[in-house]
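What follows is model-v9.txt (compact mmCIF, C-alpha atoms and all ligand atoms).
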```
# COMPACT_ATOMS: atom_id res chain seq x y z
CA MET F 1 0.00 0.00 0.00
CA PHE F 2 1.03 3.65 -0.34
CA GLU F 3 3.39 4.84 2.40
CA LYS F 4 2.21 8.45 2.29
CA ILE F 5 -1.03 9.79 0.84
CA VAL F 6 -1.61 13.51 0.47
CA PHE F 7 -5.00 15.15 0.11
CA LEU F 8 -4.94 18.54 -1.60
CA GLY F 9 -8.33 19.78 -0.50
CA ALA F 10 -10.04 19.18 2.82
CA GLY F 11 -13.70 19.44 1.91
CA ALA F 12 -16.63 17.04 1.95
CA MET F 13 -15.18 14.50 -0.48
CA ALA F 14 -11.73 14.48 1.08
CA GLU F 15 -13.29 13.91 4.48
CA ALA F 16 -15.48 11.08 3.18
CA LEU F 17 -12.40 9.29 1.83
CA ILE F 18 -10.24 10.03 4.87
CA ALA F 19 -12.94 8.81 7.26
CA GLY F 20 -13.38 5.58 5.31
CA ILE F 21 -9.66 4.93 4.86
CA VAL F 22 -8.87 5.57 8.52
CA LYS F 23 -11.75 3.35 9.61
CA ALA F 24 -10.57 0.56 7.28
CA ASN F 25 -7.11 0.83 8.88
CA ILE F 26 -5.28 0.08 5.62
CA VAL F 27 -2.90 2.99 6.15
CA LYS F 28 -2.24 4.64 9.48
CA PRO F 29 -3.61 8.16 10.05
CA GLU F 30 -0.05 9.48 10.38
CA GLN F 31 0.58 8.35 6.78
CA ILE F 32 -2.17 10.70 5.58
CA VAL F 33 -1.42 14.38 5.10
CA VAL F 34 -4.14 16.92 4.35
CA THR F 35 -3.80 20.45 3.11
CA ASN F 36 -6.20 23.07 1.75
CA LYS F 37 -6.17 26.61 0.44
CA SER F 38 -6.55 28.60 3.65
CA ASN F 39 -9.09 27.21 6.12
CA GLN F 40 -6.98 26.37 9.18
CA ALA F 41 -9.95 25.55 11.38
CA ARG F 42 -11.02 22.90 8.91
CA LEU F 43 -7.56 21.27 8.97
CA GLN F 44 -7.58 21.31 12.77
CA ALA F 45 -10.98 19.61 12.81
CA LEU F 46 -9.77 16.84 10.48
CA ALA F 47 -6.61 16.36 12.56
CA SER F 48 -8.64 16.12 15.71
CA ASN F 49 -11.32 13.80 14.27
CA TYR F 50 -9.07 11.41 12.34
CA GLN F 51 -5.56 11.95 13.78
CA VAL F 52 -4.24 12.73 10.27
CA GLN F 53 -1.34 15.09 9.65
CA THR F 54 -2.06 18.55 8.30
CA THR F 55 0.14 21.19 6.75
CA GLN F 56 -0.14 24.43 4.82
CA SER F 57 3.08 23.66 2.97
CA ILE F 58 2.51 22.03 -0.42
CA GLU F 59 6.23 21.24 -0.61
CA GLN F 60 6.19 19.41 2.69
CA ALA F 61 3.02 17.57 1.73
CA VAL F 62 3.92 16.47 -1.76
CA THR F 63 7.68 15.94 -2.01
CA ASP F 64 7.95 12.48 -0.45
CA ALA F 65 4.35 11.34 -1.03
CA ASP F 66 3.62 8.39 -3.25
CA ALA F 67 -0.02 9.33 -3.88
CA VAL F 68 -1.36 12.87 -4.26
CA VAL F 69 -5.15 13.14 -4.23
CA PHE F 70 -6.56 16.25 -5.92
CA ALA F 71 -9.76 17.03 -4.00
CA MET F 72 -10.43 20.68 -4.74
CA LYS F 73 -13.24 22.08 -6.90
CA PRO F 74 -12.59 21.87 -10.66
CA LYS F 75 -12.25 25.68 -10.85
CA ASP F 76 -9.21 25.49 -8.53
CA ILE F 77 -7.26 22.83 -10.42
CA GLN F 78 -5.02 25.17 -12.43
CA THR F 79 -3.80 26.97 -9.31
CA ALA F 80 -3.28 23.67 -7.52
CA LEU F 81 -1.28 22.19 -10.40
CA ALA F 82 0.94 25.28 -10.57
CA GLU F 83 1.64 24.96 -6.84
CA VAL F 84 2.34 21.23 -7.01
CA ARG F 85 4.42 21.10 -10.17
CA PRO F 86 7.78 22.14 -8.65
CA HIS F 87 7.50 19.33 -6.11
CA LEU F 88 6.71 16.46 -8.44
CA THR F 89 9.53 13.96 -8.50
CA GLY F 90 8.07 11.45 -10.94
CA SER F 91 7.42 8.86 -8.24
CA GLN F 92 4.02 10.20 -7.11
CA VAL F 93 0.81 8.96 -8.69
CA LEU F 94 -1.74 11.76 -9.04
CA ILE F 95 -5.29 10.76 -8.19
CA SER F 96 -8.09 13.12 -9.19
CA VAL F 97 -11.60 13.09 -7.73
CA LEU F 98 -12.60 16.19 -9.72
CA ALA F 99 -15.91 16.14 -11.55
CA GLY F 100 -15.74 16.73 -15.27
CA THR F 101 -12.00 17.38 -15.42
CA PRO F 102 -10.23 15.22 -18.03
CA ILE F 103 -6.81 13.66 -17.54
CA THR F 104 -5.52 15.81 -20.42
CA VAL F 105 -5.97 18.92 -18.24
CA PHE F 106 -3.33 17.49 -15.88
CA HIS F 107 -0.93 16.49 -18.64
CA ASP F 108 -1.38 19.71 -20.62
CA THR F 109 -0.95 21.94 -17.57
CA LEU F 110 1.95 20.08 -16.01
CA THR F 111 3.67 19.33 -19.33
CA MET F 112 5.17 16.30 -17.62
CA ASN F 113 4.67 12.58 -18.15
CA VAL F 114 3.09 12.04 -14.76
CA PRO F 115 0.91 9.05 -13.89
CA ILE F 116 -2.71 10.11 -13.37
CA ILE F 117 -5.71 8.13 -12.22
CA ARG F 118 -9.06 9.87 -12.55
CA THR F 119 -11.73 8.74 -10.14
CA MET F 120 -15.34 9.51 -9.35
CA PRO F 121 -16.11 8.43 -5.79
CA ASN F 122 -19.14 9.37 -3.71
CA THR F 123 -19.70 10.45 -0.14
CA SER F 124 -20.87 7.00 0.98
CA SER F 125 -17.14 6.20 1.14
CA THR F 126 -17.37 7.67 4.64
CA ILE F 127 -18.84 4.41 5.92
CA GLY F 128 -17.28 1.98 3.44
CA TYR F 129 -20.27 1.96 1.06
CA GLY F 130 -18.76 4.18 -1.62
CA ALA F 131 -19.04 3.45 -5.33
CA THR F 132 -15.92 4.65 -7.12
CA ALA F 133 -15.36 4.63 -10.86
CA ILE F 134 -11.79 4.90 -12.02
CA THR F 135 -10.08 5.49 -15.31
CA VAL F 136 -6.38 5.11 -15.83
CA GLY F 137 -4.12 7.58 -17.59
CA GLU F 138 -0.86 6.98 -19.40
CA TYR F 139 2.33 6.39 -17.39
CA VAL F 140 0.50 4.68 -14.50
CA THR F 141 2.39 1.60 -13.37
CA GLU F 142 0.66 -1.70 -12.63
CA GLN F 143 1.62 -1.28 -8.98
CA GLN F 144 0.19 2.26 -8.77
CA LEU F 145 -3.07 1.05 -10.32
CA GLU F 146 -3.32 -1.90 -7.92
CA GLN F 147 -2.55 0.31 -4.92
CA THR F 148 -5.12 2.89 -5.99
CA LYS F 149 -7.78 0.22 -6.56
CA LYS F 150 -7.00 -1.26 -3.15
CA LEU F 151 -7.22 2.17 -1.52
CA PHE F 152 -10.68 2.85 -2.93
CA GLU F 153 -11.79 -0.75 -2.29
CA THR F 154 -11.30 -0.06 1.40
CA VAL F 155 -14.12 2.48 1.15
CA GLY F 156 -16.46 0.58 -1.17
CA THR F 157 -16.57 -0.84 -4.68
CA VAL F 158 -14.29 0.08 -7.58
CA THR F 159 -15.43 -0.03 -11.20
CA VAL F 160 -12.95 0.62 -14.00
CA VAL F 161 -14.52 2.64 -16.82
CA GLU F 162 -13.48 4.36 -20.03
CA GLU F 163 -12.77 8.05 -19.52
CA ASP F 164 -15.58 8.95 -21.95
CA ASP F 165 -18.04 7.33 -19.53
CA MET F 166 -17.00 9.52 -16.61
CA HIS F 167 -19.71 12.13 -17.24
CA VAL F 168 -22.54 9.62 -17.08
CA VAL F 169 -20.87 7.88 -14.13
CA THR F 170 -20.72 11.19 -12.28
CA ALA F 171 -24.41 11.75 -12.97
CA LEU F 172 -25.30 8.25 -11.73
CA SER F 173 -23.10 7.41 -8.76
CA GLY F 174 -21.13 10.59 -7.99
CA SER F 175 -24.21 12.77 -7.61
CA GLY F 176 -26.56 9.81 -7.21
CA PRO F 177 -26.69 9.73 -3.40
CA ALA F 178 -28.17 13.25 -3.47
CA TYR F 179 -31.16 12.05 -5.51
CA PHE F 180 -31.99 9.41 -2.92
CA TYR F 181 -31.50 11.87 -0.02
CA TYR F 182 -33.85 14.26 -1.81
CA MET F 183 -36.45 11.52 -2.08
CA VAL F 184 -36.09 10.70 1.62
CA GLU F 185 -36.49 14.40 2.44
CA ALA F 186 -39.70 14.50 0.39
CA MET F 187 -41.05 11.34 2.04
CA GLN F 188 -40.31 12.75 5.49
CA GLU F 189 -42.09 15.98 4.61
CA VAL F 190 -45.21 14.11 3.52
CA ALA F 191 -45.08 11.92 6.63
CA ALA F 192 -44.96 15.08 8.76
CA LYS F 193 -47.87 16.60 6.87
CA LYS F 194 -49.84 13.45 7.54
CA GLY F 195 -49.09 13.73 11.25
CA LEU F 196 -46.74 10.75 11.65
CA GLU F 197 -44.21 11.28 14.41
CA ALA F 198 -40.81 12.22 12.90
CA THR F 199 -38.81 9.50 14.71
CA LYS F 200 -41.25 6.84 13.57
CA ALA F 201 -41.24 8.11 9.98
CA LYS F 202 -37.45 8.18 10.02
CA GLU F 203 -37.17 4.61 11.33
CA LEU F 204 -39.60 3.30 8.70
CA ILE F 205 -38.18 5.24 5.74
CA TYR F 206 -34.48 4.57 6.50
CA GLN F 207 -35.11 0.85 6.94
CA THR F 208 -37.13 0.83 3.71
CA ILE F 209 -34.32 2.35 1.67
CA LEU F 210 -31.78 0.00 3.28
CA GLY F 211 -34.02 -2.98 2.50
CA VAL F 212 -34.33 -1.89 -1.13
CA ALA F 213 -30.54 -1.67 -1.54
CA GLU F 214 -30.05 -5.09 0.06
CA MET F 215 -32.83 -6.70 -2.01
CA LEU F 216 -31.20 -5.38 -5.18
CA GLN F 217 -27.82 -6.74 -4.06
CA GLN F 218 -28.87 -10.05 -2.55
CA THR F 219 -31.67 -11.36 -4.77
CA GLU F 220 -31.31 -12.38 -8.40
CA GLU F 221 -34.35 -10.26 -9.28
CA THR F 222 -34.43 -7.22 -11.54
CA PRO F 223 -35.69 -3.93 -10.10
CA THR F 224 -38.72 -4.27 -12.36
CA GLN F 225 -39.59 -7.68 -10.89
CA LEU F 226 -38.97 -6.47 -7.34
CA ARG F 227 -41.31 -3.56 -7.95
CA LYS F 228 -43.95 -5.87 -9.45
CA ASN F 229 -43.71 -8.10 -6.36
CA ILE F 230 -44.94 -5.18 -4.27
CA THR F 231 -47.61 -4.01 -6.70
CA SER F 232 -50.78 -5.96 -6.03
CA PRO F 233 -53.25 -5.66 -8.93
CA ASN F 234 -55.55 -2.75 -8.17
CA GLY F 235 -53.87 -2.41 -4.79
CA VAL F 236 -52.28 0.48 -2.97
CA THR F 237 -48.84 0.44 -4.64
CA GLN F 238 -50.38 0.35 -8.10
CA ARG F 239 -52.07 3.67 -7.40
CA ALA F 240 -48.79 5.17 -6.16
CA VAL F 241 -46.79 3.90 -9.13
CA GLU F 242 -49.43 5.21 -11.53
CA ALA F 243 -49.20 8.61 -9.82
CA LEU F 244 -45.41 8.53 -10.17
CA TYR F 245 -45.81 7.68 -13.86
CA ASP F 246 -48.48 10.34 -14.38
CA HIS F 247 -46.13 12.87 -12.76
CA HIS F 248 -43.39 11.79 -15.18
CA LEU F 249 -40.96 10.04 -12.83
CA PRO F 250 -38.92 8.36 -15.63
CA GLU F 251 -38.66 11.65 -17.55
CA THR F 252 -37.81 13.50 -14.34
CA ILE F 253 -34.96 11.10 -13.58
CA GLU F 254 -33.76 11.33 -17.17
CA ALA F 255 -33.85 15.13 -17.03
CA ALA F 256 -31.81 15.12 -13.81
CA ILE F 257 -29.18 12.78 -15.24
CA GLU F 258 -28.98 14.70 -18.52
CA ALA F 259 -28.58 17.97 -16.59
CA ALA F 260 -25.81 16.46 -14.47
CA ILE F 261 -24.03 15.12 -17.57
CA LYS F 262 -24.26 18.54 -19.21
CA ARG F 263 -22.79 20.25 -16.13
CA SER F 264 -20.01 17.67 -15.89
CA GLU F 265 -19.16 18.33 -19.54
CA GLU F 266 -19.18 22.09 -18.90
CA LEU F 267 -16.79 21.66 -15.96
CA GLY F 268 -14.51 19.66 -18.23
CA LYS F 269 -14.40 22.45 -20.80
CA ALA F 270 -14.04 25.34 -18.33
N1 LIG F 301 -18.97 16.14 -2.65
C1 LIG F 301 -19.19 15.07 -3.39
O1 LIG F 301 -20.17 14.32 -3.20
C2 LIG F 301 -18.23 14.70 -4.50
C3 LIG F 301 -17.26 15.59 -4.92
N2 LIG F 301 -16.39 15.23 -5.92
C4 LIG F 301 -15.36 16.17 -6.34
O2 LIG F 301 -14.53 16.40 -5.23
C5 LIG F 301 -13.96 17.71 -5.32
C6 LIG F 301 -14.13 18.42 -3.99
O3 LIG F 301 -15.50 18.54 -3.72
P1 LIG F 301 -16.00 18.89 -2.26
O4 LIG F 301 -15.17 18.17 -1.27
O5 LIG F 301 -17.46 18.70 -2.27
O6 LIG F 301 -15.62 20.47 -2.21
P2 LIG F 301 -15.40 21.41 -0.97
O7 LIG F 301 -15.74 22.80 -1.42
O8 LIG F 301 -16.09 20.84 0.23
O9 LIG F 301 -13.82 21.37 -0.70
C7 LIG F 301 -12.88 21.92 -1.57
C8 LIG F 301 -11.53 21.94 -0.88
O10 LIG F 301 -10.50 22.30 -1.80
C9 LIG F 301 -9.60 23.19 -1.12
N3 LIG F 301 -8.78 23.89 -2.09
C10 LIG F 301 -9.12 24.89 -2.93
N4 LIG F 301 -8.05 25.26 -3.68
C11 LIG F 301 -7.01 24.49 -3.28
C12 LIG F 301 -5.64 24.40 -3.65
N5 LIG F 301 -5.12 25.19 -4.61
N6 LIG F 301 -4.86 23.48 -3.02
C13 LIG F 301 -5.37 22.70 -2.04
N7 LIG F 301 -6.65 22.74 -1.66
C14 LIG F 301 -7.47 23.62 -2.26
C15 LIG F 301 -10.51 24.03 -0.26
O11 LIG F 301 -9.76 24.70 0.75
P3 LIG F 301 -10.33 26.02 1.53
O12 LIG F 301 -11.53 25.53 2.32
O13 LIG F 301 -9.20 26.44 2.39
O14 LIG F 301 -10.72 27.00 0.47
C16 LIG F 301 -11.41 22.92 0.29
O15 LIG F 301 -10.79 22.25 1.37
C17 LIG F 301 -14.65 18.42 -6.47
O16 LIG F 301 -13.78 18.48 -7.58
C18 LIG F 301 -15.86 17.54 -6.77
O17 LIG F 301 -16.17 17.56 -8.14
C19 LIG F 301 -16.42 14.00 -6.49
C20 LIG F 301 -17.34 13.08 -6.10
C21 LIG F 301 -18.37 13.36 -5.12
O1 LIG F 302 -21.79 18.22 -7.41
C1 LIG F 302 -20.65 18.03 -7.82
O2 LIG F 302 -20.16 18.76 -8.69
C2 LIG F 302 -19.86 16.87 -7.28
C3 LIG F 302 -19.62 15.84 -8.36
C4 LIG F 302 -20.39 14.63 -7.94
C5 LIG F 302 -20.93 14.96 -6.65
N1 LIG F 302 -20.59 16.18 -6.29
```
Let me see whether you can do it: turn the structure in this file into structure tokens.
Ligand SMILES: NC(=O)C1=CN([C@@H]2O[C@H](COP(=O)(O)OP(=O)(O)OC[C@H]3O[C@@H](n4cnc5c(N)ncnc54)[C@H](OP(=O)(O)O)[C@@H]3O)[C@@H](O)[C@H]2O)C=CC1
Ligand SMILES: O=C(O)[C@@H]1CCC=N1
Amino acid sequence: MFEKIVFLGAGAMAEALIAGIVKANIVKPEQIVVTNKSNQARLQALASNYQVQTTQSIEQAVTDADAVVFAMKPKDIQTALAEVRPHLTGSQVLISVLAGTPITVFHDTLTMNVPIIRTMPNTSSTIGYGATAITVGEYVTEQQLEQTKKLFETVGTVTVVEEDDMHVVTALSGSGPAYFYYMVEAMQEVAAKKGLEATKAKELIYQTILGVAEMLQQTEETPTQLRKNITSPNGVTQRAVEALYDHHLPETIEAAIEAAIKRSEELGKA
């Protein structure tokens, strides 16, 4: 495994990965170094919560690292690459979690033959249930690829994809958790309107969504069949599903995914 992993960026996604990696105990917290642009309080919070190292010095962070994770917003990548470039020795693998941003942006900006692995994780990595897609750039060694896969496997599943598929992947699994949270929010709001106690609604809804995920994973059934199993002819579910259809659920989902893909493409061109 990597001896020293550096996170450039200390936001939500960095924390999700750090939390999962530390919990999985595959590298020790002291082998993880985190830095950001300026928010000292944020670094202190991560150090205190996960016992990781923090620094404001890019040089100190990057020079002897063997993996450098780029976890800033896409708009900040050019500045970050300019800061990192003088400290690249050729032995670090660069791992990007940036939405939209193609591997060519790294190569073109750095004008160096550095190994780059582009990933699209999601925040469920925090608890080891992440879904990470990865795509491998030129110059990546077999060992660097295996180590990177292993790293992300400690926080969930890893799916290797073509770089062209990264936009749709981002729309499905990168942003995907937000769609389900939104649905849970809406269900909780209706439950409240109907007068069901919030703790009871929460218990029922959370267990329902967990059960759905496990049924999809554990049974051999398709989602269509699983849905049909619940839908008694002329029963309660049928009415609900018809209402979802009448309110254009499939088109709504498609519109959301198309909008996400479009934004991912825009970020890639920016
Ligand atoms: N959140 C998510 O669910 C997912 C996010 N991603 C990707 O992860 C990346 C980060 O997203 P997220 O964590 O949500 O964003 P946040 O805004 O929460 O965090 C961004 C972090 O980047 C830091 N930063 C900015 N510029 C630099 C720099 N030059 N060098 C080092 N650090 C810098 C910021 O520091 P400071 O606070 O000091 O300004 C901050 O810690 C994005 O590219 C996003 O596309 C990918 C998959 C899922
Ligand atoms: O919203 C975003 O841009 C990032 C990418 C996937 C999830 N969050």
For atom C4 of ligand LIG 302 (chain F) and atom CA of F:Asn113, the interatomic separation in Å (one decimal): 27.1 Å
Close residues to ligand LIG 302 (chain F) using all atoms listed in the file, limit 10 Å, as a PyMOL selection string: chain F and resi 12-13+73-74+97-100+120-123+167+169-178+260+263-264+267
Who sits within 9 Å of stretch 152-164 of chain F, only C-alpha atoms, same chain under 3 positions skipped, as a PyMOL selection string: chain F and resi 16-17+19-21+23-26+102-103+118+121+124-137+147-149+167-169
Given only C-alpha atoms and all ligand atoms as the counted atoms, nearest of F:Glu83, F:Glu221, F:Glu146, F:Glu59 to ligand LIG 301 (chain F): F:Glu83
Let me know the centre plus edge lengths, in Å and rounded to one decimal, of a box with edges along x, y and z that contains all listed atoms of ligand LIG 301 (chain F) and is padded by 6 Å on every side, as AutoDock Vina command-line options.
```
--center_x -12.5 --center_y 20.0 --center_z -2.9 --size_x 27.3 --size_y 25.9 --size_z 22.5
```
Is there a way to complete stretch 141-166 of chain F with N, CA and C atoms and then write that out as an mmCIF file, keeping the file's coordinate frame?
```
data_model
loop_
_atom_site.group_PDB
_atom_site.id
_atom_site.type_symbol
_atom_site.label_atom_id
_atom_site.label_comp_id
_atom_site.auth_asym_id
_atom_site.auth_seq_id
_atom_site.Cartn_x
_atom_site.Cartn_y
_atom_site.Cartn_z
ATOM 1 N N THR F 141 1.825 2.945 -13.438
ATOM 2 C CA THR F 141 2.390 1.600 -13.370
ATOM 3 C C THR F 141 1.328 0.626 -12.850
ATOM 4 N N GLU F 142 1.572 -0.649 -13.111
ATOM 5 C CA GLU F 142 0.660 -1.700 -12.630
ATOM 6 C C GLU F 142 0.519 -1.610 -11.119
ATOM 7 N N GLN F 143 1.647 -1.350 -10.449
ATOM 8 C CA GLN F 143 1.620 -1.280 -8.980
ATOM 9 C C GLN F 143 0.791 -0.074 -8.497
ATOM 10 N N GLN F 144 0.965 1.062 -9.160
ATOM 11 C CA GLN F 144 0.190 2.260 -8.770
ATOM 12 C C GLN F 144 -1.306 2.024 -8.968
ATOM 13 N N LEU F 145 -1.659 1.340 -10.072
ATOM 14 C CA LEU F 145 -3.070 1.050 -10.320
ATOM 15 C C LEU F 145 -3.619 0.115 -9.241
ATOM 16 N N GLU F 146 -2.862 -0.936 -8.935
ATOM 17 C CA GLU F 146 -3.320 -1.900 -7.920
ATOM 18 C C GLU F 146 -3.460 -1.221 -6.563
ATOM 19 N N GLN F 147 -2.494 -0.384 -6.213
ATOM 20 C CA GLN F 147 -2.550 0.310 -4.920
ATOM 21 C C GLN F 147 -3.750 1.257 -4.847
ATOM 22 N N THR F 148 -4.005 1.937 -5.976
ATOM 23 C CA THR F 148 -5.120 2.890 -5.990
ATOM 24 C C THR F 148 -6.452 2.143 -5.889
ATOM 25 N N LYS F 149 -6.559 1.032 -6.640
ATOM 26 C CA LYS F 149 -7.780 0.220 -6.560
ATOM 27 C C LYS F 149 -7.990 -0.244 -5.119
ATOM 28 N N LYS F 150 -6.921 -0.733 -4.518
ATOM 29 C CA LYS F 150 -7.000 -1.260 -3.150
ATOM 30 C C LYS F 150 -7.428 -0.151 -2.181
ATOM 31 N N LEU F 151 -6.878 1.034 -2.385
ATOM 32 C CA LEU F 151 -7.220 2.170 -1.520
ATOM 33 C C LEU F 151 -8.722 2.439 -1.571
ATOM 34 N N PHE F 152 -9.252 2.525 -2.797
ATOM 35 C CA PHE F 152 -10.680 2.850 -2.930
ATOM 36 C C PHE F 152 -11.552 1.648 -2.558
ATOM 37 N N GLU F 153 -11.012 0.428 -2.711
ATOM 38 C CA GLU F 153 -11.790 -0.750 -2.290
ATOM 39 C C GLU F 153 -11.987 -0.783 -0.774
ATOM 40 N N THR F 154 -11.104 -0.102 -0.055
ATOM 41 C CA THR F 154 -11.300 -0.060 1.400
ATOM 42 C C THR F 154 -12.515 0.794 1.764
ATOM 43 N N VAL F 155 -12.961 1.628 0.843
ATOM 44 C CA VAL F 155 -14.120 2.480 1.150
ATOM 45 C C VAL F 155 -15.325 2.148 0.265
ATOM 46 N N GLY F 156 -15.309 0.983 -0.363
ATOM 47 C CA GLY F 156 -16.460 0.580 -1.170
ATOM 48 C C GLY F 156 -16.061 -0.212 -2.399
ATOM 49 N N THR F 157 -16.866 -0.090 -3.453
ATOM 50 C CA THR F 157 -16.570 -0.840 -4.680
ATOM 51 C C THR F 157 -15.781 0.042 -5.653
ATOM 52 N N VAL F 158 -15.057 -0.632 -6.556
ATOM 53 C CA VAL F 158 -14.290 0.080 -7.580
ATOM 54 C C VAL F 158 -14.663 -0.485 -8.946
ATOM 55 N N THR F 159 -15.044 0.392 -9.855
ATOM 56 C CA THR F 159 -15.430 -0.030 -11.200
ATOM 57 C C THR F 159 -14.540 0.719 -12.196
ATOM 58 N N VAL F 160 -13.807 -0.030 -13.004
ATOM 59 C CA VAL F 160 -12.950 0.620 -14.000
ATOM 60 C C VAL F 160 -13.796 0.949 -15.225
ATOM 61 N N VAL F 161 -13.723 2.199 -15.659
ATOM 62 C CA VAL F 161 -14.520 2.640 -16.820
ATOM 63 C C VAL F 161 -13.628 3.381 -17.814
ATOM 64 N N GLU F 162 -14.153 3.531 -19.030
ATOM 65 C CA GLU F 162 -13.480 4.360 -20.030
ATOM 66 C C GLU F 162 -13.639 5.821 -19.624
ATOM 67 N N GLU F 163 -12.661 6.644 -19.940
ATOM 68 C CA GLU F 163 -12.770 8.050 -19.520
ATOM 69 C C GLU F 163 -14.016 8.729 -20.118
ATOM 70 N N ASP F 164 -14.396 8.345 -21.334
ATOM 71 C CA ASP F 164 -15.580 8.950 -21.950
ATOM 72 C C ASP F 164 -16.851 8.702 -21.135
ATOM 73 N N ASP F 165 -16.841 7.661 -20.335
ATOM 74 C CA ASP F 165 -18.040 7.330 -19.530
ATOM 75 C C ASP F 165 -18.091 8.085 -18.208
ATOM 76 N N MET F 166 -17.062 8.865 -17.921
ATOM 77 C CA MET F 166 -17.000 9.520 -16.610
ATOM 78 C C MET F 166 -18.140 10.519 -16.379
#
```
